[in-house]
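Structure file work-v8.pdb; described as PDB, C-alpha atoms, pLDDT in the B column.
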```pdb
ATOM      1  CA  MET A   1    -121.772 -20.684 -96.410  1.00 57.00           C
ATOM      2  CA  ALA A   2    -122.437 -18.216 -99.199  1.00 57.00           C
ATOM      3  CA  VAL A   3    -125.950 -17.146-100.109  1.00 53.00           C
ATOM      4  CA  SER A   4    -125.506 -18.831-103.491  1.00 54.00           C
ATOM      5  CA  GLU A   5    -125.027 -22.152-101.702  1.00 55.00           C
ATOM      6  CA  ILE A   6    -128.433 -21.825-100.051  1.00 52.00           C
ATOM      7  CA  GLY A   7    -130.166 -21.520-103.409  1.00 51.00           C
ATOM      8  CA  SER A   8    -131.868 -18.786-105.368  1.00 51.00           C
ATOM      9  CA  ALA A   9    -135.525 -17.779-105.248  1.00 50.00           C
ATOM     10  CA  GLY A  10    -136.184 -19.091-108.756  1.00 48.00           C
ATOM     11  CA  GLU A  11    -135.101 -22.634-107.958  1.00 53.00           C
ATOM     12  CA  THR A  12    -137.020 -25.374-106.262  1.00 62.00           C
ATOM     13  CA  MET A  13    -136.547 -24.901-102.542  1.00 65.00           C
ATOM     14  CA  CYS A  14    -133.274 -26.548-101.646  1.00 86.00           C
ATOM     15  CA  PRO A  15    -133.022 -28.614 -98.454  1.00 85.00           C
ATOM     16  CA  TYR A  16    -130.963 -25.977 -96.625  1.00 87.00           C
ATOM     17  CA  ARG A  17    -133.513 -23.254 -97.235  1.00 91.00           C
ATOM     18  CA  LEU A  18    -136.380 -25.497 -96.241  1.00 92.00           C
ATOM     19  CA  VAL A  19    -134.827 -26.349 -92.869  1.00 93.00           C
ATOM     20  CA  LEU A  20    -133.861 -22.712 -92.366  1.00 93.00           C
ATOM     21  CA  GLU A  21    -137.465 -21.748 -93.051  1.00 94.00           C
ATOM     22  CA  HIS A  22    -138.721 -24.273 -90.496  1.00 95.00           C
ATOM     23  CA  VAL A  23    -136.281 -23.180 -87.798  1.00 95.00           C
ATOM     24  CA  THR A  24    -136.806 -19.452 -88.340  1.00 93.00           C
ATOM     25  CA  SER A  25    -140.551 -19.513 -88.916  1.00 93.00           C
ATOM     26  CA  ARG A  26    -142.742 -17.431 -86.644  1.00 91.00           C
ATOM     27  CA  TRP A  27    -143.688 -20.405 -84.476  1.00 95.00           C
ATOM     28  CA  GLY A  28    -140.551 -22.486 -85.019  1.00 96.00           C
ATOM     29  CA  VAL A  29    -138.418 -19.887 -83.262  1.00 95.00           C
ATOM     30  CA  LEU A  30    -140.732 -19.733 -80.244  1.00 95.00           C
ATOM     31  CA  VAL A  31    -141.090 -23.519 -79.990  1.00 96.00           C
ATOM     32  CA  LEU A  32    -137.336 -24.051 -80.115  1.00 97.00           C
ATOM     33  CA  ILE A  33    -136.613 -21.343 -77.537  1.00 96.00           C
ATOM     34  CA  ALA A  34    -139.324 -22.633 -75.191  1.00 95.00           C
ATOM     35  CA  LEU A  35    -138.112 -26.228 -75.428  1.00 97.00           C
ATOM     36  CA  LEU A  36    -134.573 -25.149 -74.536  1.00 96.00           C
ATOM     37  CA  GLU A  37    -135.798 -24.698 -70.977  1.00 94.00           C
ATOM     38  CA  ARG A  38    -137.485 -28.096 -70.542  1.00 97.00           C
ATOM     39  CA  SER A  39    -139.890 -30.573 -72.114  1.00 97.00           C
ATOM     40  CA  TYR A  40    -143.536 -29.576 -72.338  1.00 97.00           C
ATOM     41  CA  ARG A  41    -146.897 -31.172 -72.840  1.00 96.00           C
ATOM     42  CA  PHE A  42    -148.811 -29.700 -75.781  1.00 95.00           C
ATOM     43  CA  SER A  43    -151.093 -27.439 -73.735  1.00 93.00           C
ATOM     44  CA  GLU A  44    -148.208 -26.268 -71.536  1.00 95.00           C
ATOM     45  CA  LEU A  45    -146.134 -25.446 -74.612  1.00 96.00           C
ATOM     46  CA  ARG A  46    -149.032 -23.523 -76.139  1.00 95.00           C
ATOM     47  CA  ARG A  47    -149.383 -21.443 -72.957  1.00 94.00           C
ATOM     48  CA  GLU A  48    -145.618 -20.848 -72.774  1.00 94.00           C
ATOM     49  CA  ILE A  49    -145.511 -19.641 -76.372  1.00 93.00           C
ATOM     50  CA  GLY A  50    -148.422 -17.299 -75.582  1.00 87.00           C
ATOM     51  CA  ARG A  51    -146.435 -15.966 -72.639  1.00 85.00           C
ATOM     52  CA  ILE A  52    -143.244 -15.247 -74.625  1.00 77.00           C
ATOM     53  CA  GLY A  53    -144.953 -14.173 -77.840  1.00 70.00           C
ATOM     54  CA  ARG A  54    -148.359 -14.040 -79.388  1.00 76.00           C
ATOM     55  CA  GLY A  55    -150.807 -16.884 -78.928  1.00 85.00           C
ATOM     56  CA  VAL A  56    -150.593 -19.776 -81.357  1.00 91.00           C
ATOM     57  CA  SER A  57    -153.548 -21.825 -82.575  1.00 92.00           C
ATOM     58  CA  GLU A  58    -153.648 -25.552 -81.888  1.00 93.00           C
ATOM     59  CA  LYS A  59    -153.464 -26.209 -85.618  1.00 95.00           C
ATOM     60  CA  MET A  60    -150.339 -24.080 -86.141  1.00 95.00           C
ATOM     61  CA  LEU A  61    -148.598 -25.502 -83.086  1.00 96.00           C
ATOM     62  CA  THR A  62    -149.391 -29.044 -84.226  1.00 96.00           C
ATOM     63  CA  GLN A  63    -148.053 -28.332 -87.723  1.00 97.00           C
ATOM     64  CA  THR A  64    -144.928 -26.668 -86.357  1.00 97.00           C
ATOM     65  CA  LEU A  65    -144.190 -29.531 -83.970  1.00 98.00           C
ATOM     66  CA  GLN A  66    -144.719 -32.110 -86.725  1.00 97.00           C
ATOM     67  CA  THR A  67    -142.407 -30.220 -89.074  1.00 97.00           C
ATOM     68  CA  LEU A  68    -139.685 -29.865 -86.445  1.00 98.00           C
ATOM     69  CA  GLU A  69    -140.107 -33.518 -85.472  1.00 98.00           C
ATOM     70  CA  ARG A  70    -139.756 -34.572 -89.107  1.00 97.00           C
ATOM     71  CA  ASP A  71    -136.562 -32.510 -89.380  1.00 97.00           C
ATOM     72  CA  GLY A  72    -135.181 -34.320 -86.326  1.00 98.00           C
ATOM     73  CA  LEU A  73    -135.232 -31.271 -84.055  1.00 98.00           C
ATOM     74  CA  VAL A  74    -138.116 -32.191 -81.742  1.00 98.00           C
ATOM     75  CA  HIS A  75    -138.829 -35.490 -80.011  1.00 98.00           C
ATOM     76  CA  ARG A  76    -142.448 -36.495 -79.401  1.00 97.00           C
ATOM     77  CA  ASP A  77    -142.861 -38.904 -76.509  1.00 97.00           C
ATOM     78  CA  ALA A  78    -146.366 -40.403 -76.421  1.00 94.00           C
ATOM     79  CA  LYS A  79    -146.981 -42.395 -73.259  1.00 91.00           C
ATOM     80  CA  PRO A  80    -149.610 -45.178 -73.444  1.00 90.00           C
ATOM     81  CA  VAL A  81    -151.653 -44.033 -70.458  1.00 91.00           C
ATOM     82  CA  ILE A  82    -155.213 -42.863 -69.969  1.00 90.00           C
ATOM     83  CA  PRO A  83    -155.642 -39.999 -70.559  1.00 88.00           C
ATOM     84  CA  PRO A  84    -152.898 -39.942 -73.204  1.00 86.00           C
ATOM     85  CA  ARG A  85    -149.769 -37.996 -72.284  1.00 91.00           C
ATOM     86  CA  VAL A  86    -147.494 -36.550 -74.940  1.00 94.00           C
ATOM     87  CA  ASP A  87    -144.336 -34.662 -74.086  1.00 97.00           C
ATOM     88  CA  TYR A  88    -142.218 -32.644 -76.502  1.00 98.00           C
ATOM     89  CA  SER A  89    -138.502 -32.043 -76.073  1.00 98.00           C
ATOM     90  CA  LEU A  90    -135.501 -31.118 -78.170  1.00 98.00           C
ATOM     91  CA  THR A  91    -133.220 -33.668 -79.733  1.00 98.00           C
ATOM     92  CA  GLU A  92    -129.476 -33.000 -79.672  1.00 98.00           C
ATOM     93  CA  LEU A  93    -129.781 -31.535 -83.169  1.00 98.00           C
ATOM     94  CA  GLY A  94    -132.746 -29.440 -82.027  1.00 98.00           C
ATOM     95  CA  ARG A  95    -130.797 -28.125 -79.056  1.00 98.00           C
ATOM     96  CA  GLU A  96    -128.026 -26.954 -81.401  1.00 97.00           C
ATOM     97  CA  ALA A  97    -130.541 -25.176 -83.626  1.00 97.00           C
ATOM     98  CA  ALA A  98    -132.372 -23.689 -80.641  1.00 98.00           C
ATOM     99  CA  GLU A  99    -129.144 -22.257 -79.209  1.00 97.00           C
ATOM    100  CA  GLN A 100    -128.463 -20.536 -82.537  1.00 96.00           C
ATOM    101  CA  VAL A 101    -132.008 -19.173 -82.772  1.00 95.00           C
ATOM    102  CA  ARG A 102    -131.906 -17.969 -79.165  1.00 95.00           C
ATOM    103  CA  GLY A 103    -128.636 -16.162 -79.877  1.00 96.00           C
ATOM    104  CA  LEU A 104    -130.250 -14.342 -82.796  1.00 94.00           C
ATOM    105  CA  ALA A 105    -133.316 -13.508 -80.676  1.00 92.00           C
ATOM    106  CA  MET A 106    -131.096 -12.141 -77.895  1.00 94.00           C
ATOM    107  CA  TRP A 107    -129.111 -10.067 -80.389  1.00 96.00           C
ATOM    108  CA  THR A 108    -132.354  -8.678 -81.821  1.00 93.00           C
ATOM    109  CA  GLN A 109    -133.585  -7.715 -78.383  1.00 93.00           C
ATOM    110  CA  ALA A 110    -130.262  -6.128 -77.410  1.00 97.00           C
ATOM    111  CA  ARG A 111    -129.968  -4.130 -80.655  1.00 97.00           C
ATOM    112  CA  MET A 112    -133.622  -3.107 -81.079  1.00 96.00           C
ATOM    113  CA  ASP A 113    -132.907   0.539 -80.193  1.00 96.00           C
ATOM    114  CA  ASP A 114    -130.334   0.697 -83.003  1.00 96.00           C
ATOM    115  CA  VAL A 115    -132.790  -0.886 -85.430  1.00 96.00           C
ATOM    116  CA  GLU A 116    -135.493   1.626 -84.436  1.00 97.00           C
ATOM    117  CA  GLN A 117    -133.073   4.522 -84.974  1.00 97.00           C
ATOM    118  CA  SER A 118    -132.105   3.163 -88.387  1.00 97.00           C
ATOM    119  CA  ARG A 119    -135.744   2.772 -89.354  1.00 96.00           C
ATOM    120  CA  SER A 120    -136.539   6.336 -88.320  1.00 96.00           C
ATOM    121  CA  ALA A 121    -133.557   7.727 -90.235  1.00 95.00           C
ATOM    122  CA  TYR A 122    -134.518   5.711 -93.319  1.00 97.00           C
ATOM    123  CA  ASP A 123    -138.180   6.791 -93.145  1.00 95.00           C
ATOM    124  CA  GLU A 124    -137.204  10.454 -92.709  1.00 95.00           C
ATOM    125  CA  ALA A 125    -134.792  10.305 -95.648  1.00 93.00           C
ATOM    126  CA  ARG A 126    -137.423   8.647 -97.860  1.00 93.00           C
ATOM    127  CA  ALA A 127    -140.044  11.210 -96.847  1.00 92.00           C
ATOM    128  CA  ALA A 128    -137.634  14.080 -97.637  1.00 91.00           C
ATOM    129  CA  GLN A 129    -136.803  12.466-100.965  1.00 89.00           C
ATOM    130  CA  THR A 130    -140.516  12.127-101.810  1.00 88.00           C
ATOM    131  CA  ARG A 131    -141.197  15.767-100.887  1.00 87.00           C
ATOM    132  CA  ALA A 132    -138.301  16.891-103.087  1.00 89.00           C
ATOM    133  CA  SER A 133    -139.619  14.971-106.105  1.00 81.00           C
TER     134      SER A 133
END
```
What do you get writing this file as structure tokens?
Amino acid sequence: MAVSEIGSAGETMCPYRLVLEHVTSRWGVLVLIALLERSYRFSELRREIGRIGRGVSEKMLTQTLQTLERDGLVHRDAKPVIPPRVDYSLTELGREAAEQVRGLAMWTQARMDDVEQSRSAYDEARAAQTRAS
């Protein structure tokens, strides 16, 4: 898919970009990767996300789960028991997306040294350019 097929910044957000934004959002990535391992209750998922990344507020986790559920990526299973029990898991579609996101996360981790070197080289070149001006 070409970038032009995803839509341009000046247009109303096209459906592809919106889903891409949900899947690659700060919390969407962590939720999808965590749920690849197993289903979680809300509080367990919140702790797991805190373990693999930064802590997430209840509000942001709730919004992220609702968005991913609406997109068909997350399944919410509310059991009619007291106290209420709600489990979150990936749908088949969600598992596909999560595998892709995990691949990108693994690539990022594996290539971080190269990224750091590129950043340093860029910053040094910009600093030299600024000094020369």
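Take atom CA of Thr91 of chain A and atom CA of Ser43 of chain A: the distance between them is 19.9 Å.
Residue nearest Leu104 of chain A, chosen from A:Val19, A:Ser39, A:Ser120, A:Ile33 and counting all atoms listed in the file: A:Ile33.
Using all atoms listed in the file, the smallest distance between any of A:Val31, A:Ala132, A:Leu93, A:Ala125 and Leu45 of chain A comes from A:Val31.
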Picked residues, the PyMOL selection byres ((chain A and resi 86) around 8), expected as a PyMOL selection string: chain A and resi 41-42+76-79+84-85+87-88
In Å, with one decimal, what is the gap from atom CA of Ser57 of chain A to atom CA of Pro15 of chain A?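 Those two atoms sit 26.8 Å apart.
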Within 10 Å of Arg95 of chain A using all atoms listed in the file, minus same-chain residues under 5 positions, as a PyMOL selection string: chain A and resi 32-33+35-36+73-74+89-90+100-101
Report as a Markdown table: every residue of segment 35-98 of chain A with an atom at most 10 Å from segment 20-29 of chain A, its closest pair of atoms, and their distance in Å to one decimal, counting only C-alpha atoms, with rows sorted by chain and ascending residue number.
```
| residue | atom | partner | partner_atom | distance |
| --- | --- | --- | --- | --- |
| A:Ile49 | CA | A:Trp27 | CA | 8.3 |
| A:Gly53 | CA | A:Trp27 | CA | 9.2 |
| A:Arg54 | CA | A:Trp27 | CA | 9.4 |
| A:Gly55 | CA | A:Trp27 | CA | 9.7 |
| A:Val56 | CA | A:Trp27 | CA | 7.6 |
| A:Met60 | CA | A:Trp27 | CA | 7.8 |
| A:Leu61 | CA | A:Trp27 | CA | 7.2 |
| A:Gln63 | CA | A:Trp27 | CA | 9.6 |
| A:Thr64 | CA | A:Gly28 | CA | 6.2 |
| A:Leu65 | CA | A:Gly28 | CA | 8.0 |
| A:Thr67 | CA | A:His22 | CA | 7.1 |
| A:Leu68 | CA | A:His22 | CA | 7.0 |
| A:Asp71 | CA | A:His22 | CA | 8.6 |
| A:Leu73 | CA | A:Val23 | CA | 9.0 |
| A:Gly94 | CA | A:Val23 | CA | 9.2 |
| A:Ala97 | CA | A:Val23 | CA | 7.4 |
| A:Ala98 | CA | A:Val29 | CA | 7.6 |
```
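The space between atom CA of Gly72 of chain A and atom CA of Arg17 of chain A spans 15.6 Å.
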Pick from A:Ile52, A:Ala121, A:Ala128, A:Cys14, whichever lies nearest to Leu30 of chain A using only C-alpha atoms: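 Of A:Ile52, A:Ala121, A:Ala128, A:Cys14, the one nearest Leu30 of chain A is A:Ile52, counting only C-alpha atoms.
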Can you patch up segment 72-90 of chain A, filling it in to N, CA, C and O atoms, and show the result as an mmCIF file, in the coordinates of the input?
```
data_model
loop_
_atom_site.group_PDB
_atom_site.id
_atom_site.type_symbol
_atom_site.label_atom_id
_atom_site.label_comp_id
_atom_site.auth_asym_id
_atom_site.auth_seq_id
_atom_site.Cartn_x
_atom_site.Cartn_y
_atom_site.Cartn_z
ATOM 1 N N GLY A 72 -136.063 -33.749 -87.330
ATOM 2 C CA GLY A 72 -135.181 -34.320 -86.326
ATOM 3 C C GLY A 72 -134.802 -33.366 -85.203
ATOM 4 O O GLY A 72 -133.848 -33.614 -84.475
ATOM 5 N N LEU A 73 -135.558 -32.280 -85.061
ATOM 6 C CA LEU A 73 -135.232 -31.271 -84.055
ATOM 7 C C LEU A 73 -136.032 -31.440 -82.772
ATOM 8 O O LEU A 73 -135.586 -31.032 -81.702
ATOM 9 N N VAL A 74 -137.227 -32.010 -82.891
ATOM 10 C CA VAL A 74 -138.116 -32.191 -81.742
ATOM 11 C C VAL A 74 -138.419 -33.675 -81.584
ATOM 12 O O VAL A 74 -138.625 -34.388 -82.570
ATOM 13 N N HIS A 75 -138.455 -34.113 -80.332
ATOM 14 C CA HIS A 75 -138.829 -35.490 -80.011
ATOM 15 C C HIS A 75 -140.230 -35.482 -79.400
ATOM 16 O O HIS A 75 -140.509 -34.706 -78.494
ATOM 17 N N ARG A 76 -141.084 -36.345 -79.914
ATOM 18 C CA ARG A 76 -142.448 -36.495 -79.401
ATOM 19 C C ARG A 76 -142.512 -37.811 -78.643
ATOM 20 O O ARG A 76 -142.299 -38.874 -79.214
ATOM 21 N N ASP A 77 -142.805 -37.722 -77.361
ATOM 22 C CA ASP A 77 -142.861 -38.904 -76.509
ATOM 23 C C ASP A 77 -144.299 -39.131 -76.076
ATOM 24 O O ASP A 77 -144.802 -38.445 -75.185
ATOM 25 N N ALA A 78 -144.979 -40.083 -76.741
ATOM 26 C CA ALA A 78 -146.366 -40.403 -76.421
ATOM 27 C C ALA A 78 -146.382 -41.581 -75.454
ATOM 28 O O ALA A 78 -145.917 -42.668 -75.791
ATOM 29 N N LYS A 79 -146.918 -41.341 -74.286
ATOM 30 C CA LYS A 79 -146.981 -42.395 -73.259
ATOM 31 C C LYS A 79 -148.344 -43.091 -73.334
ATOM 32 O O LYS A 79 -149.373 -42.436 -73.391
ATOM 33 N N PRO A 80 -148.352 -44.429 -73.322
ATOM 34 C CA PRO A 80 -149.610 -45.178 -73.444
ATOM 35 C C PRO A 80 -150.374 -45.249 -72.116
ATOM 36 O O PRO A 80 -150.457 -46.294 -71.482
ATOM 37 N N VAL A 81 -150.876 -44.108 -71.689
ATOM 38 C CA VAL A 81 -151.653 -44.033 -70.458
ATOM 39 C C VAL A 81 -153.004 -43.390 -70.764
ATOM 40 O O VAL A 81 -153.200 -42.830 -71.830
ATOM 41 N N ILE A 82 -153.906 -43.491 -69.803
ATOM 42 C CA ILE A 82 -155.213 -42.863 -69.969
ATOM 43 C C ILE A 82 -155.352 -41.818 -68.870
ATOM 44 O O ILE A 82 -155.227 -42.155 -67.688
ATOM 45 N N PRO A 83 -155.599 -40.554 -69.197
ATOM 46 C CA PRO A 83 -155.642 -39.999 -70.559
ATOM 47 C C PRO A 83 -154.244 -39.970 -71.185
ATOM 48 O O PRO A 83 -153.243 -39.982 -70.466
ATOM 49 N N PRO A 84 -154.190 -39.930 -72.518
ATOM 50 C CA PRO A 84 -152.898 -39.942 -73.204
ATOM 51 C C PRO A 84 -152.015 -38.777 -72.745
ATOM 52 O O PRO A 84 -152.505 -37.690 -72.486
ATOM 53 N N ARG A 85 -150.739 -39.048 -72.644
ATOM 54 C CA ARG A 85 -149.769 -37.996 -72.284
ATOM 55 C C ARG A 85 -148.701 -37.949 -73.365
ATOM 56 O O ARG A 85 -148.063 -38.957 -73.669
ATOM 57 N N VAL A 86 -148.514 -36.755 -73.911
ATOM 58 C CA VAL A 86 -147.494 -36.550 -74.940
ATOM 59 C C VAL A 86 -146.601 -35.407 -74.485
ATOM 60 O O VAL A 86 -147.084 -34.329 -74.153
ATOM 61 N N ASP A 87 -145.318 -35.681 -74.448
ATOM 62 C CA ASP A 87 -144.336 -34.662 -74.086
ATOM 63 C C ASP A 87 -143.471 -34.357 -75.303
ATOM 64 O O ASP A 87 -143.139 -35.253 -76.084
ATOM 65 N N TYR A 88 -143.090 -33.091 -75.422
ATOM 66 C CA TYR A 88 -142.218 -32.644 -76.502
ATOM 67 C C TYR A 88 -140.922 -32.122 -75.900
ATOM 68 O O TYR A 88 -140.933 -31.399 -74.913
ATOM 69 N N SER A 89 -139.814 -32.502 -76.516
ATOM 70 C CA SER A 89 -138.502 -32.043 -76.073
ATOM 71 C C SER A 89 -137.609 -31.883 -77.296
ATOM 72 O O SER A 89 -137.970 -32.300 -78.400
ATOM 73 N N LEU A 90 -136.457 -31.290 -77.079
ATOM 74 C CA LEU A 90 -135.501 -31.118 -78.170
ATOM 75 C C LEU A 90 -134.593 -32.331 -78.284
ATOM 76 O O LEU A 90 -134.202 -32.914 -77.278
#
```
